[in-house]
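*Asks:* Next comes the structure file work-v1.txt, holding compact mmCIF, C-alpha atoms and all ligand atoms.
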```
# COMPACT_ATOMS: atom_id res chain seq x y z
CA MET A 1 -22.03 17.12 -36.59
CA SER A 2 -20.28 15.25 -39.35
CA PRO A 3 -19.90 17.19 -42.61
CA SER A 4 -22.75 16.59 -45.07
CA LEU A 5 -22.20 16.25 -48.81
CA ASP A 6 -23.73 19.71 -49.37
CA ASP A 7 -21.43 21.30 -46.79
CA ILE A 8 -18.41 19.53 -48.25
CA ARG A 9 -19.32 20.87 -51.72
CA ARG A 10 -19.13 24.41 -50.35
CA ALA A 11 -15.65 23.95 -48.82
CA PRO A 12 -12.62 24.92 -50.96
CA LYS A 13 -10.96 21.75 -52.22
CA VAL A 14 -7.81 20.77 -54.10
CA LEU A 15 -7.53 17.99 -56.69
CA LEU A 16 -4.19 16.62 -57.86
CA HIS A 17 -5.16 13.45 -59.73
CA ASP A 18 -7.94 13.71 -62.31
CA HIS A 19 -7.85 12.49 -65.94
CA LEU A 20 -9.33 14.80 -68.55
CA ASP A 21 -10.40 11.82 -70.65
CA GLY A 22 -11.98 10.20 -67.58
CA GLY A 23 -14.26 13.07 -66.67
CA LEU A 24 -16.42 13.90 -69.69
CA ARG A 25 -20.14 14.58 -69.34
CA ALA A 26 -22.11 11.72 -70.93
CA GLU A 27 -24.21 14.23 -72.94
CA THR A 28 -21.04 15.74 -74.33
CA ILE A 29 -19.68 12.36 -75.44
CA VAL A 30 -22.87 11.69 -77.39
CA GLU A 31 -22.82 15.13 -79.03
CA LEU A 32 -19.12 14.99 -79.88
CA ALA A 33 -19.51 11.49 -81.34
CA ARG A 34 -22.22 12.83 -83.66
CA GLU A 35 -20.20 15.92 -84.62
CA THR A 36 -16.90 14.12 -85.24
CA GLY A 37 -18.30 10.97 -86.87
CA TYR A 38 -17.29 8.57 -84.08
CA ASP A 39 -19.66 5.60 -84.52
CA ARG A 40 -18.43 3.07 -81.94
CA LEU A 41 -20.25 4.23 -78.78
CA PRO A 42 -21.99 1.34 -76.99
CA THR A 43 -25.18 3.51 -76.77
CA VAL A 44 -26.14 7.07 -77.76
CA ASP A 45 -28.50 7.60 -74.83
CA PRO A 46 -26.58 9.75 -72.28
CA ASP A 47 -28.15 8.11 -69.21
CA ASN A 48 -27.41 4.62 -70.49
CA LEU A 49 -23.95 5.67 -71.56
CA ARG A 50 -23.15 7.07 -68.08
CA LEU A 51 -24.24 3.77 -66.59
CA TRP A 52 -22.29 1.78 -69.20
CA PHE A 53 -19.03 3.52 -68.24
CA GLN A 54 -19.61 2.91 -64.57
CA GLU A 55 -20.42 -0.77 -65.04
CA ALA A 56 -17.73 -1.49 -67.63
CA ALA A 57 -15.12 0.16 -65.40
CA ASP A 58 -16.30 -1.82 -62.38
CA SER A 59 -14.46 -4.99 -63.40
CA GLY A 60 -11.85 -5.51 -60.70
CA SER A 61 -9.06 -5.24 -63.28
CA LEU A 62 -7.07 -2.15 -64.28
CA GLU A 63 -6.61 -3.46 -67.81
CA ARG A 64 -10.37 -3.81 -68.39
CA TYR A 65 -11.03 -0.47 -66.66
CA LEU A 66 -8.66 1.18 -69.14
CA GLU A 67 -10.51 -0.28 -72.16
CA THR A 68 -13.41 2.13 -71.51
CA PHE A 69 -11.19 5.10 -72.41
CA GLU A 70 -11.35 4.04 -76.06
CA HIS A 71 -14.67 5.87 -76.30
CA THR A 72 -13.75 9.08 -74.49
CA VAL A 73 -10.44 9.39 -76.32
CA GLY A 74 -12.35 8.52 -79.52
CA VAL A 75 -14.42 11.72 -79.35
CA MET A 76 -11.48 13.96 -78.29
CA GLN A 77 -9.66 14.17 -81.62
CA THR A 78 -10.47 17.67 -82.86
CA ARG A 79 -9.46 21.09 -81.59
CA GLU A 80 -13.07 22.04 -80.89
CA SER A 81 -13.81 18.88 -78.92
CA LEU A 82 -10.67 19.27 -76.79
CA VAL A 83 -11.50 22.92 -76.02
CA ARG A 84 -15.05 21.96 -75.05
CA VAL A 85 -14.08 18.99 -72.87
CA ALA A 86 -11.44 21.02 -71.04
CA ALA A 87 -13.79 23.98 -70.52
CA GLU A 88 -16.52 21.72 -69.13
CA CYS A 89 -13.99 20.00 -66.89
CA ALA A 90 -13.00 23.33 -65.30
CA GLN A 91 -16.67 24.27 -64.86
CA ASP A 92 -17.64 20.93 -63.32
CA LEU A 93 -14.72 20.99 -60.89
CA ALA A 94 -15.50 24.59 -59.89
CA ALA A 95 -19.15 23.66 -59.34
CA ASP A 96 -17.92 20.97 -56.94
CA GLY A 97 -15.97 23.61 -54.99
CA VAL A 98 -12.50 22.75 -56.28
CA VAL A 99 -10.27 25.84 -56.12
CA TYR A 100 -7.09 24.31 -57.54
CA ALA A 101 -6.85 21.29 -59.82
CA GLU A 102 -4.14 19.51 -61.75
CA VAL A 103 -5.79 17.67 -64.63
CA ARG A 104 -3.86 15.18 -66.75
CA TYR A 105 -4.24 13.55 -70.14
CA ALA A 106 -1.99 11.90 -72.73
CA PRO A 107 -1.47 14.19 -75.76
CA GLU A 108 -0.22 11.24 -77.86
CA GLN A 109 -3.73 9.74 -77.73
CA HIS A 110 -5.38 12.75 -79.40
CA THR A 111 -3.63 12.90 -82.76
CA THR A 112 -5.55 10.29 -84.83
CA MET A 113 -7.40 12.96 -86.85
CA GLY A 114 -4.29 14.93 -87.64
CA LEU A 115 -3.69 17.27 -84.69
CA SER A 116 -0.05 17.76 -83.73
CA LEU A 117 1.02 17.32 -80.10
CA ASP A 118 1.41 21.09 -79.80
CA GLN A 119 -2.08 21.70 -81.18
CA VAL A 120 -3.52 19.23 -78.67
CA VAL A 121 -1.81 20.95 -75.75
CA GLU A 122 -2.86 24.41 -76.92
CA ALA A 123 -6.50 23.36 -77.37
CA VAL A 124 -6.68 21.92 -73.86
CA LEU A 125 -5.00 24.99 -72.33
CA GLU A 126 -7.49 27.21 -74.15
CA GLY A 127 -10.39 25.12 -72.83
CA PHE A 128 -9.17 25.33 -69.23
CA LYS A 129 -8.78 29.09 -69.56
CA LEU A 130 -12.28 29.50 -70.98
CA GLY A 131 -13.88 27.19 -68.42
CA SER A 132 -12.08 28.82 -65.49
CA GLU A 133 -13.19 32.28 -66.59
CA GLN A 134 -16.81 31.11 -66.78
CA ALA A 135 -16.70 29.31 -63.43
CA GLY A 136 -18.46 30.81 -60.42
CA GLY A 137 -18.17 29.85 -56.76
CA HIS A 138 -14.75 30.32 -55.18
CA GLY A 139 -13.19 30.47 -58.65
CA ILE A 140 -10.81 27.81 -59.89
CA ARG A 141 -7.27 27.58 -61.17
CA VAL A 142 -6.43 24.59 -63.37
CA GLY A 143 -2.91 23.34 -64.10
CA THR A 144 -2.19 20.61 -66.64
CA LEU A 145 -0.05 17.49 -66.30
CA LEU A 146 1.03 15.83 -69.54
CA THR A 147 0.90 12.05 -69.36
CA ALA A 148 2.91 9.57 -71.41
CA MET A 149 1.45 6.08 -71.85
CA ARG A 150 3.71 3.59 -70.14
CA HIS A 151 3.25 0.80 -72.74
CA LYS A 152 4.25 3.16 -75.58
CA ALA A 153 7.63 4.74 -76.30
CA ARG A 154 6.91 8.47 -76.56
CA SER A 155 7.72 9.56 -73.00
CA MET A 156 10.80 11.61 -73.97
CA GLU A 157 8.79 13.52 -76.57
CA ILE A 158 6.00 14.17 -74.06
CA ALA A 159 8.47 15.23 -71.38
CA GLU A 160 9.94 17.75 -73.83
CA LEU A 161 6.43 18.96 -74.62
CA ALA A 162 5.75 19.48 -70.90
CA VAL A 163 8.91 21.55 -70.53
CA ARG A 164 8.08 23.58 -73.64
CA TYR A 165 4.67 24.55 -72.23
CA ARG A 166 5.74 24.91 -68.58
CA ASP A 167 5.23 28.68 -68.43
CA VAL A 168 1.74 28.71 -69.92
CA GLY A 169 -0.20 26.25 -67.77
CA VAL A 170 1.53 22.86 -67.95
CA VAL A 171 2.80 22.20 -64.44
CA GLY A 172 4.14 18.66 -64.68
CA PHE A 173 4.43 15.21 -66.22
CA ASP A 174 3.10 11.72 -65.45
CA ILE A 175 3.03 8.19 -66.83
CA ALA A 176 -0.17 6.12 -66.86
CA GLY A 177 -1.69 2.97 -68.36
CA ALA A 178 -1.35 -0.71 -67.46
CA GLU A 179 1.22 -1.04 -64.67
CA ALA A 180 2.09 -4.75 -64.60
CA GLY A 181 4.81 -5.46 -67.17
CA TYR A 182 5.54 -1.77 -67.77
CA PRO A 183 7.85 -0.59 -64.97
CA PRO A 184 8.58 3.13 -64.70
CA THR A 185 12.28 2.53 -65.43
CA ARG A 186 11.31 1.94 -69.10
CA HIS A 187 11.04 5.74 -69.20
CA LEU A 188 14.15 6.60 -67.23
CA ASP A 189 15.56 8.86 -69.95
CA ALA A 190 12.44 11.03 -69.79
CA PHE A 191 12.61 11.31 -66.00
CA GLU A 192 16.31 12.12 -66.04
CA TYR A 193 15.66 14.80 -68.66
CA LEU A 194 12.90 16.33 -66.47
CA GLN A 195 15.18 16.35 -63.45
CA ARG A 196 17.87 18.17 -65.42
CA GLU A 197 15.20 20.70 -66.42
CA ASN A 198 14.10 21.19 -62.78
CA ALA A 199 10.62 20.01 -63.80
CA HIS A 200 8.04 18.22 -61.66
CA PHE A 201 6.55 14.78 -62.21
CA THR A 202 4.35 12.18 -60.62
CA ILE A 203 4.17 8.50 -61.54
CA HIS A 204 1.19 6.10 -61.39
CA ALA A 205 2.70 3.41 -59.13
CA GLY A 206 1.51 0.89 -56.59
CA GLU A 207 -2.00 0.66 -58.00
CA ALA A 208 -2.13 -2.65 -59.89
CA PHE A 209 1.41 -3.70 -58.99
CA GLY A 210 3.22 -3.69 -55.68
CA LEU A 211 6.26 -2.33 -53.92
CA PRO A 212 8.83 -2.76 -56.74
CA SER A 213 6.86 -0.29 -58.84
CA ILE A 214 6.78 2.27 -56.02
CA TRP A 215 10.46 1.71 -55.24
CA GLN A 216 11.45 2.23 -58.89
CA ALA A 217 9.25 5.32 -59.21
CA ILE A 218 10.92 6.97 -56.23
CA GLN A 219 14.46 5.63 -56.09
CA TRP A 220 15.25 5.16 -59.78
CA CYS A 221 13.04 7.74 -61.44
CA GLY A 222 12.88 10.43 -58.75
CA ALA A 223 9.10 10.95 -58.70
CA ASP A 224 7.91 13.96 -56.70
CA ARG A 225 4.55 12.28 -55.98
CA LEU A 226 2.94 8.85 -56.35
CA GLY A 227 -0.27 8.32 -58.32
CA HIS A 228 -2.28 6.02 -56.01
CA GLY A 229 0.62 4.38 -54.12
CA VAL A 230 -1.89 2.23 -52.22
CA ARG A 231 0.39 -0.81 -52.22
CA ILE A 232 2.81 0.98 -49.89
CA ILE A 233 0.63 -0.77 -47.34
CA ASP A 234 2.51 -4.00 -48.22
CA ASP A 235 5.55 -2.52 -46.44
CA ILE A 236 3.68 -1.83 -43.19
CA SER A 237 2.77 -4.42 -40.58
CA VAL A 238 0.14 -3.71 -37.97
CA ALA A 239 0.19 -5.56 -34.64
CA GLY A 240 -2.87 -6.70 -32.70
CA ASP A 241 -2.70 -3.58 -30.50
CA GLY A 242 -2.84 -1.34 -33.58
CA SER A 243 0.81 -0.32 -33.48
CA ALA A 244 2.47 -0.21 -36.90
CA LYS A 245 5.95 -1.12 -38.06
CA LEU A 246 7.17 0.50 -41.25
CA GLY A 247 9.59 -1.18 -43.66
CA ARG A 248 12.40 0.89 -45.18
CA LEU A 249 10.47 1.99 -48.27
CA ALA A 250 7.31 2.95 -46.34
CA ALA A 251 9.46 4.84 -43.83
CA TYR A 252 11.22 6.66 -46.67
CA VAL A 253 7.91 7.67 -48.26
CA ARG A 254 6.61 8.99 -44.95
CA ASP A 255 9.86 10.64 -43.82
CA LYS A 256 10.33 12.42 -47.14
CA ARG A 257 6.68 13.52 -47.10
CA ILE A 258 6.13 12.02 -50.56
CA PRO A 259 2.52 12.83 -51.48
CA LEU A 260 0.18 9.92 -52.17
CA GLU A 261 -2.52 10.78 -54.70
CA MET A 262 -5.17 8.40 -53.39
CA CYS A 263 -8.34 7.67 -55.38
CA PRO A 264 -10.54 5.45 -53.19
CA THR A 265 -13.50 4.75 -55.50
CA SER A 266 -11.28 4.09 -58.51
CA ASN A 267 -9.32 1.60 -56.41
CA LEU A 268 -12.49 -0.35 -55.62
CA GLN A 269 -13.25 -0.60 -59.33
CA THR A 270 -9.80 -1.84 -60.31
CA GLY A 271 -9.59 -4.27 -57.39
CA ALA A 272 -6.88 -2.44 -55.42
CA ALA A 273 -9.19 -2.36 -52.36
CA ASP A 274 -12.37 -4.22 -51.36
CA SER A 275 -14.35 -1.42 -49.72
CA ILE A 276 -13.84 2.17 -48.64
CA ALA A 277 -13.68 1.06 -45.00
CA ASP A 278 -10.91 -1.41 -45.92
CA HIS A 279 -9.04 1.08 -48.08
CA PRO A 280 -5.42 1.67 -46.93
CA ILE A 281 -6.17 5.41 -46.76
CA GLY A 282 -7.53 4.89 -43.21
CA LEU A 283 -4.24 3.49 -41.91
CA LEU A 284 -2.07 5.83 -43.95
CA ARG A 285 -3.93 8.86 -42.65
CA ARG A 286 -3.59 7.56 -39.08
CA LEU A 287 0.16 7.12 -39.61
CA HIS A 288 0.46 10.66 -41.03
CA PHE A 289 1.64 9.81 -44.50
CA ARG A 290 1.11 12.78 -46.80
CA VAL A 291 -2.26 11.55 -48.06
CA THR A 292 -4.37 13.46 -50.60
CA VAL A 293 -7.86 12.56 -51.84
CA ASN A 294 -8.64 12.47 -55.54
CA THR A 295 -11.17 11.41 -58.17
CA ASP A 296 -9.01 9.72 -60.86
CA ASN A 297 -11.89 9.40 -63.36
CA ARG A 298 -15.11 11.17 -62.49
CA LEU A 299 -17.09 9.57 -65.31
CA MET A 300 -15.97 5.96 -64.80
CA SER A 301 -16.30 6.23 -61.01
CA SER A 302 -19.35 8.50 -61.07
CA THR A 303 -17.67 10.66 -58.48
CA SER A 304 -16.36 14.09 -57.46
CA VAL A 305 -13.90 15.28 -54.80
CA SER A 306 -16.85 16.08 -52.52
CA LEU A 307 -18.26 12.59 -52.96
CA GLU A 308 -14.90 10.97 -52.23
CA PHE A 309 -14.71 13.06 -49.03
CA ALA A 310 -18.29 12.14 -48.10
CA LYS A 311 -17.52 8.43 -48.49
CA LEU A 312 -14.47 8.82 -46.23
CA VAL A 313 -16.55 10.69 -43.66
CA GLU A 314 -19.01 7.81 -43.64
CA ALA A 315 -16.43 5.03 -43.51
CA PHE A 316 -13.94 6.55 -41.05
CA GLY A 317 -15.96 9.18 -39.17
CA TYR A 318 -13.75 12.02 -40.43
CA GLY A 319 -14.64 15.57 -39.43
CA TRP A 320 -13.77 19.01 -40.83
CA ASP A 321 -10.24 18.90 -39.38
CA ASP A 322 -9.48 15.72 -41.32
CA LEU A 323 -10.91 17.13 -44.56
CA GLN A 324 -8.89 20.31 -44.10
CA TRP A 325 -5.77 18.24 -43.42
CA PHE A 326 -6.24 16.32 -46.72
CA THR A 327 -6.81 19.60 -48.53
CA VAL A 328 -3.79 21.39 -47.09
CA ASN A 329 -1.70 18.27 -47.85
CA ALA A 330 -2.84 18.46 -51.47
CA MET A 331 -2.12 22.17 -51.76
CA LYS A 332 1.34 21.72 -50.23
CA SER A 333 2.01 18.98 -52.80
CA ALA A 334 0.85 20.91 -55.87
CA PHE A 335 3.29 21.59 -58.71
CA LEU A 336 2.96 25.36 -58.18
CA PRO A 337 5.55 27.81 -56.85
CA PHE A 338 5.78 27.81 -53.06
CA ASP A 339 4.48 31.36 -52.60
CA GLU A 340 1.39 30.60 -54.67
CA ARG A 341 0.67 27.43 -52.68
CA LEU A 342 1.00 29.36 -49.46
CA ALA A 343 -1.31 32.11 -50.72
CA LEU A 344 -4.01 29.57 -51.55
CA ILE A 345 -3.63 27.80 -48.19
CA ASN A 346 -3.77 30.98 -46.10
CA GLY A 347 -6.03 33.07 -48.31
CA VAL A 348 -8.59 30.53 -49.53
CA ILE A 349 -8.42 27.09 -47.91
CA LYS A 350 -8.07 27.94 -44.22
CA PRO A 351 -10.67 30.76 -44.27
CA GLY A 352 -13.03 28.56 -46.33
CA PHE A 353 -12.83 25.65 -43.89
CA ALA A 354 -13.13 28.01 -40.90
CA GLN A 355 -16.38 29.29 -42.35
CA ARG A 356 -17.72 25.74 -42.81
CA LYS A 357 -16.62 24.69 -39.31
CA TRP A 358 -18.18 27.58 -37.47
CA GLN A 359 -21.37 27.90 -39.42
CA PRO A 360 -24.35 26.74 -37.29
O1 LIG A 401 -6.02 4.74 -62.59
C1 LIG A 401 -5.39 4.72 -63.65
N1 LIG A 401 -4.26 3.99 -63.74
C2 LIG A 401 -3.51 3.95 -64.87
N2 LIG A 401 -3.84 4.60 -65.98
C3 LIG A 401 -4.98 5.32 -65.95
C4 LIG A 401 -5.78 5.43 -64.83
N3 LIG A 401 -6.84 6.20 -65.11
C5 LIG A 401 -6.69 6.59 -66.38
N4 LIG A 401 -5.57 6.05 -66.90
C6 LIG A 401 -5.05 6.18 -68.27
C7 LIG A 401 -6.16 6.09 -69.31
C8 LIG A 401 -6.15 7.42 -69.96
O2 LIG A 401 -6.44 7.35 -71.34
C9 LIG A 401 -4.74 7.92 -69.72
C10 LIG A 401 -4.50 9.40 -69.85
O3 LIG A 401 -5.38 10.15 -69.09
O4 LIG A 401 -4.46 7.45 -68.42
ZN ZN A 402 -4.95 7.90 -62.65
```
Starting from the file, give its structure as structure tokens.
Ligand SMILES: O=c1[nH]cnc2c1ncn2[C@H]1C[C@H](O)[C@@H](CO)O1
Ligand SMILES: [Zn+2]

*Replies:*
Amino acid sequence: MSPSLDDIRRAPKVLLHDHLDGGLRAETIVELARETGYDRLPTVDPDNLRLWFQEAADSGSLERYLETFEHTVGVMQTRESLVRVAAECAQDLAADGVVYAEVRYAPEQHTTMGLSLDQVVEAVLEGFKLGSEQAGGHGIRVGTLLTAMRHKARSMEIAELAVRYRDVGVVGFDIAGAEAGYPPTRHLDAFEYLQRENAHFTIHAGEAFGLPSIWQAIQWCGADRLGHGVRIIDDISVAGDGSAKLGRLAAYVRDKRIPLEMCPTSNLQTGAADSIADHPIGLLRRLHFRVTVNTDNRLMSSTSVSLEFAKLVEAFGYGWDDLQWFTVNAMKSAFLPFDERLALINGVIKPGFAQRKWQP
């Protein structure tokens, strides 16, 4: 029997790539807009607003997809709103059965009403703590990644912020935003600083731009993981008999077990893939790249980890072993100490999947 959406929801899952400002509840956006005086929402009806985000993000272009964040970032400018959004994020992920999540956002985008970068980080950490304490189910642990916007010039400052808060819930760093024209090497000083500090980072690469972006992220910047990385497929050729030949970069990514934070539905919306069945995740899983499955932006893609899994089950016929493999891959790739990753794999993930597999 293939796993149903309900069964998948009950399995313990791990999420490595989820944007805080891409996962707000529509009702919350409307309420926060009223409370904080934000008057630019396209509609104040939560159902229509939810639909608006989905449709506006469904453009086939990353640049247009990113324009929708104006409204979520617009209502996340006060301490109270950041605490609330982060708390609800932890609750929503826990309700979906996520046991460990790394949620990212760009602190520099939340200072227009006077908050300092430190105040932004502290508000979000407080929200995650509150939301995790209130969450039921398997329980959830949330780590934060601080993102710098790749078209701006504050990456060094944000990298320093990530290091400053590393012992209280910030587990890593990332760069995001429009990819074409903004190569990761623009932020080389930040990445070199993080390496000297023994800190972890991932880089959005190979989503809206191809192999050069992935190559720079890994070989110039030293990324631990790749956000998306779908275009690694451009370095793999598949023969008529299904056998695959890997170019040097694809071989390096696979040999070094570099985790790919894949976000199938998001990729359909930004034009990186045409359908789930055509998504490179099918081939990459078959070739044993270290693939993980993620949401990217739950609001814009109207999705959850469980729903992403369910779509993959439908498109590729995956069973519980595949879903467990993705989950263990994600846990192995988390920016947590090794012993804590192992404890979650052996104490939570494997027993949780065993229960789902053997339940009649
Ligand atoms: O998929 C994405 N690619 C590049 N940038 C993204 C993606 N999803 C969200 N972002 C941007 C918009 C957000 O405001 C920012 C921080 O979360 O990251
Ligand atoms: Zn992303």

*Asks:* Measuring between all atoms listed in the file, which one of A:Ile236, A:Leu16, A:Leu188, A:Val124 shows the shortest distance to ligand ZN 402 (chain A)?

*Replies:*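 Closest to ligand ZN 402 (chain A) of all the choices is A:Leu16.
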
*Asks:* Residues within 8 Å of ligand ZN 402 (chain A) (all atoms listed in the file), as an mmCIF file with C-alpha atoms, keeping the file's coordinate frame?

*Replies:*
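Result file result_12.cif:
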```cif
data_model
loop_
_atom_site.group_PDB
_atom_site.id
_atom_site.type_symbol
_atom_site.label_atom_id
_atom_site.label_comp_id
_atom_site.auth_asym_id
_atom_site.auth_seq_id
_atom_site.Cartn_x
_atom_site.Cartn_y
_atom_site.Cartn_z
ATOM 1 C CA HIS A 17 -5.160 13.450 -59.730
ATOM 2 C CA ASP A 18 -7.940 13.710 -62.310
ATOM 3 C CA HIS A 19 -7.850 12.490 -65.940
ATOM 4 C CA ALA A 176 -0.170 6.120 -66.860
ATOM 5 C CA HIS A 204 1.190 6.100 -61.390
ATOM 6 C CA GLY A 227 -0.270 8.320 -58.320
ATOM 7 C CA HIS A 228 -2.280 6.020 -56.010
ATOM 8 C CA ASP A 296 -9.010 9.720 -60.860
ATOM 9 C CA ASN A 297 -11.890 9.400 -63.360
#
```

*Asks:* If I take CA of Arg248 in chain A and atom N3 of ligand LIG 401 (chain A), how far is one from the other in Å, to one decimal?

*Replies:*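 Pair CA of Arg248 in chain A / atom N3 of ligand LIG 401 (chain A) returns 28.2 Å.
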
*Asks:* Step by step, measure atom-to-atom distances between ligand LIG 401 (chain A) and each residue using only C-alpha atoms and all ligand atoms, keep those at most 9 Å, then write them as a tab-separated table (two decimals) with C-alpha atoms, keeping the file's coordinate frame.

*Replies:*
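Below is the file result_9.tsv, written as the result:
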```
chain	number	residue	atom	x	y	z
A	18	ASP	CA	-7.94	13.71	-62.31
A	19	HIS	CA	-7.85	12.49	-65.94
A	20	LEU	CA	-9.33	14.80	-68.55
A	21	ASP	CA	-10.40	11.82	-70.65
A	22	GLY	CA	-11.98	10.20	-67.58
A	62	LEU	CA	-7.07	-2.15	-64.28
A	63	GLU	CA	-6.61	-3.46	-67.81
A	65	TYR	CA	-11.03	-0.47	-66.66
A	66	LEU	CA	-8.66	1.18	-69.14
A	67	GLU	CA	-10.51	-0.28	-72.16
A	68	THR	CA	-13.41	2.13	-71.51
A	69	PHE	CA	-11.19	5.10	-72.41
A	70	GLU	CA	-11.35	4.04	-76.06
A	72	THR	CA	-13.75	9.08	-74.49
A	73	VAL	CA	-10.44	9.39	-76.32
A	103	VAL	CA	-5.79	17.67	-64.63
A	104	ARG	CA	-3.86	15.18	-66.75
A	105	TYR	CA	-4.24	13.55	-70.14
A	106	ALA	CA	-1.99	11.90	-72.73
A	107	PRO	CA	-1.47	14.19	-75.76
A	109	GLN	CA	-3.73	9.74	-77.73
A	146	LEU	CA	1.03	15.83	-69.54
A	147	THR	CA	0.90	12.05	-69.36
A	148	ALA	CA	2.91	9.57	-71.41
A	149	MET	CA	1.45	6.08	-71.85
A	150	ARG	CA	3.71	3.59	-70.14
A	175	ILE	CA	3.03	8.19	-66.83
A	176	ALA	CA	-0.17	6.12	-66.86
A	177	GLY	CA	-1.69	2.97	-68.36
A	178	ALA	CA	-1.35	-0.71	-67.46
A	179	GLU	CA	1.22	-1.04	-64.67
A	204	HIS	CA	1.19	6.10	-61.39
A	205	ALA	CA	2.70	3.41	-59.13
A	207	GLU	CA	-2.00	0.66	-58.00
A	208	ALA	CA	-2.13	-2.65	-59.89
A	227	GLY	CA	-0.27	8.32	-58.32
A	228	HIS	CA	-2.28	6.02	-56.01
A	263	CYS	CA	-8.34	7.67	-55.38
A	266	SER	CA	-11.28	4.09	-58.51
A	267	ASN	CA	-9.32	1.60	-56.41
A	270	THR	CA	-9.80	-1.84	-60.31
A	296	ASP	CA	-9.01	9.72	-60.86
A	297	ASN	CA	-11.89	9.40	-63.36
```

*Asks:* Hey, what's within 9 Å of Arg79 in chain A if we count all atoms listed in the file and toss same-chain stuff fewer than 3 positions away? As JSON, numbers by chain, please?

*Replies:* {"A": [76, 82, 83, 84, 115, 119, 120, 122, 123, 124]}

*Asks:* In terms of the shortest atom-to-atom distance over all atoms listed in the file, which of A:Leu41, A:Ala223, A:Ile140, A:Ala90 is closest to Lys13 in chain A?

*Replies:* A:Ile140

*Asks:* What is the distance, in Å and to one decimal place, between CA of Val85 in chain A and CA of Gly114 in chain A?

*Replies:*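 Between CA of Val85 in chain A and CA of Gly114 in chain A the gap works out to 18.2 Å.
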
*Asks:* Just how far from CA of Arg225 in chain A is CA of Leu246 in chain A, in Å to one decimal?

*Replies:*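 We find that CA of Leu246 in chain A and CA of Arg225 in chain A lie 19.0 Å from each other.
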
*Asks:* Excluding same-chain residues fewer than 6 positions from Arg50 in chain A, what lies within 12 Å of it counting all atoms listed in the file, as an NGL selection string?

*Replies:* :A and (22-30 or 41-44 or 56-57 or 68 or 71-72 or 298-303)

*Asks:* Write out as number ranges by chain each polymer residue whose atoms come within 12 Å of range 181-186 of chain A, counting all atoms listed in the file; drop sequence neighbours fewer than 3 positions from it.

*Replies:* A: 63, 148-156, 174-178, 189-192, 202-206, 208-223, 226

*Asks:* Can you patch up range 124-135 of chain A, filling it in to N, CA and C atoms, and show the result as a PDB file, in the coordinates of the input?

*Replies:*
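File produced: result.pdb:
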```
ATOM      1  N   VAL A 124      -6.281  22.220 -75.241  1.00  0.00           N
ATOM      2  CA  VAL A 124      -6.680  21.920 -73.860  1.00  0.00           C
ATOM      3  C   VAL A 124      -6.426  23.136 -72.951  1.00  0.00           C
ATOM      4  N   LEU A 125      -5.287  23.791 -73.148  1.00  0.00           N
ATOM      5  CA  LEU A 125      -5.000  24.990 -72.330  1.00  0.00           C
ATOM      6  C   LEU A 125      -6.059  26.065 -72.571  1.00  0.00           C
ATOM      7  N   GLU A 126      -6.461  26.216 -73.829  1.00  0.00           N
ATOM      8  CA  GLU A 126      -7.490  27.210 -74.150  1.00  0.00           C
ATOM      9  C   GLU A 126      -8.813  26.850 -73.452  1.00  0.00           C
ATOM     10  N   GLY A 127      -9.155  25.573 -73.475  1.00  0.00           N
ATOM     11  CA  GLY A 127     -10.390  25.120 -72.830  1.00  0.00           C
ATOM     12  C   GLY A 127     -10.373  25.383 -71.325  1.00  0.00           C
ATOM     13  N   PHE A 128      -9.252  25.083 -70.682  1.00  0.00           N
ATOM     14  CA  PHE A 128      -9.170  25.330 -69.230  1.00  0.00           C
ATOM     15  C   PHE A 128      -9.304  26.817 -68.931  1.00  0.00           C
ATOM     16  N   LYS A 129      -8.721  27.641 -69.781  1.00  0.00           N
ATOM     17  CA  LYS A 129      -8.780  29.090 -69.560  1.00  0.00           C
ATOM     18  C   LYS A 129     -10.233  29.565 -69.692  1.00  0.00           C
ATOM     19  N   LEU A 130     -10.879  29.123 -70.760  1.00  0.00           N
ATOM     20  CA  LEU A 130     -12.280  29.500 -70.980  1.00  0.00           C
ATOM     21  C   LEU A 130     -13.168  29.047 -69.821  1.00  0.00           C
ATOM     22  N   GLY A 131     -13.039  27.766 -69.474  1.00  0.00           N
ATOM     23  CA  GLY A 131     -13.880  27.190 -68.420  1.00  0.00           C
ATOM     24  C   GLY A 131     -13.643  27.854 -67.080  1.00  0.00           C
ATOM     25  N   SER A 132     -12.381  28.184 -66.781  1.00  0.00           N
ATOM     26  CA  SER A 132     -12.080  28.820 -65.490  1.00  0.00           C
ATOM     27  C   SER A 132     -12.670  30.216 -65.444  1.00  0.00           C
ATOM     28  N   GLU A 133     -12.633  30.918 -66.571  1.00  0.00           N
ATOM     29  CA  GLU A 133     -13.190  32.280 -66.590  1.00  0.00           C
ATOM     30  C   GLU A 133     -14.704  32.255 -66.389  1.00  0.00           C
ATOM     31  N   GLN A 134     -15.339  31.196 -66.895  1.00  0.00           N
ATOM     32  CA  GLN A 134     -16.810  31.110 -66.780  1.00  0.00           C
ATOM     33  C   GLN A 134     -17.258  30.563 -65.430  1.00  0.00           C
ATOM     34  N   ALA A 135     -16.309  29.995 -64.665  1.00  0.00           N
ATOM     35  CA  ALA A 135     -16.700  29.310 -63.430  1.00  0.00           C
ATOM     36  C   ALA A 135     -17.058  30.300 -62.320  1.00  0.00           C
TER      37      ALA A 135
END
```
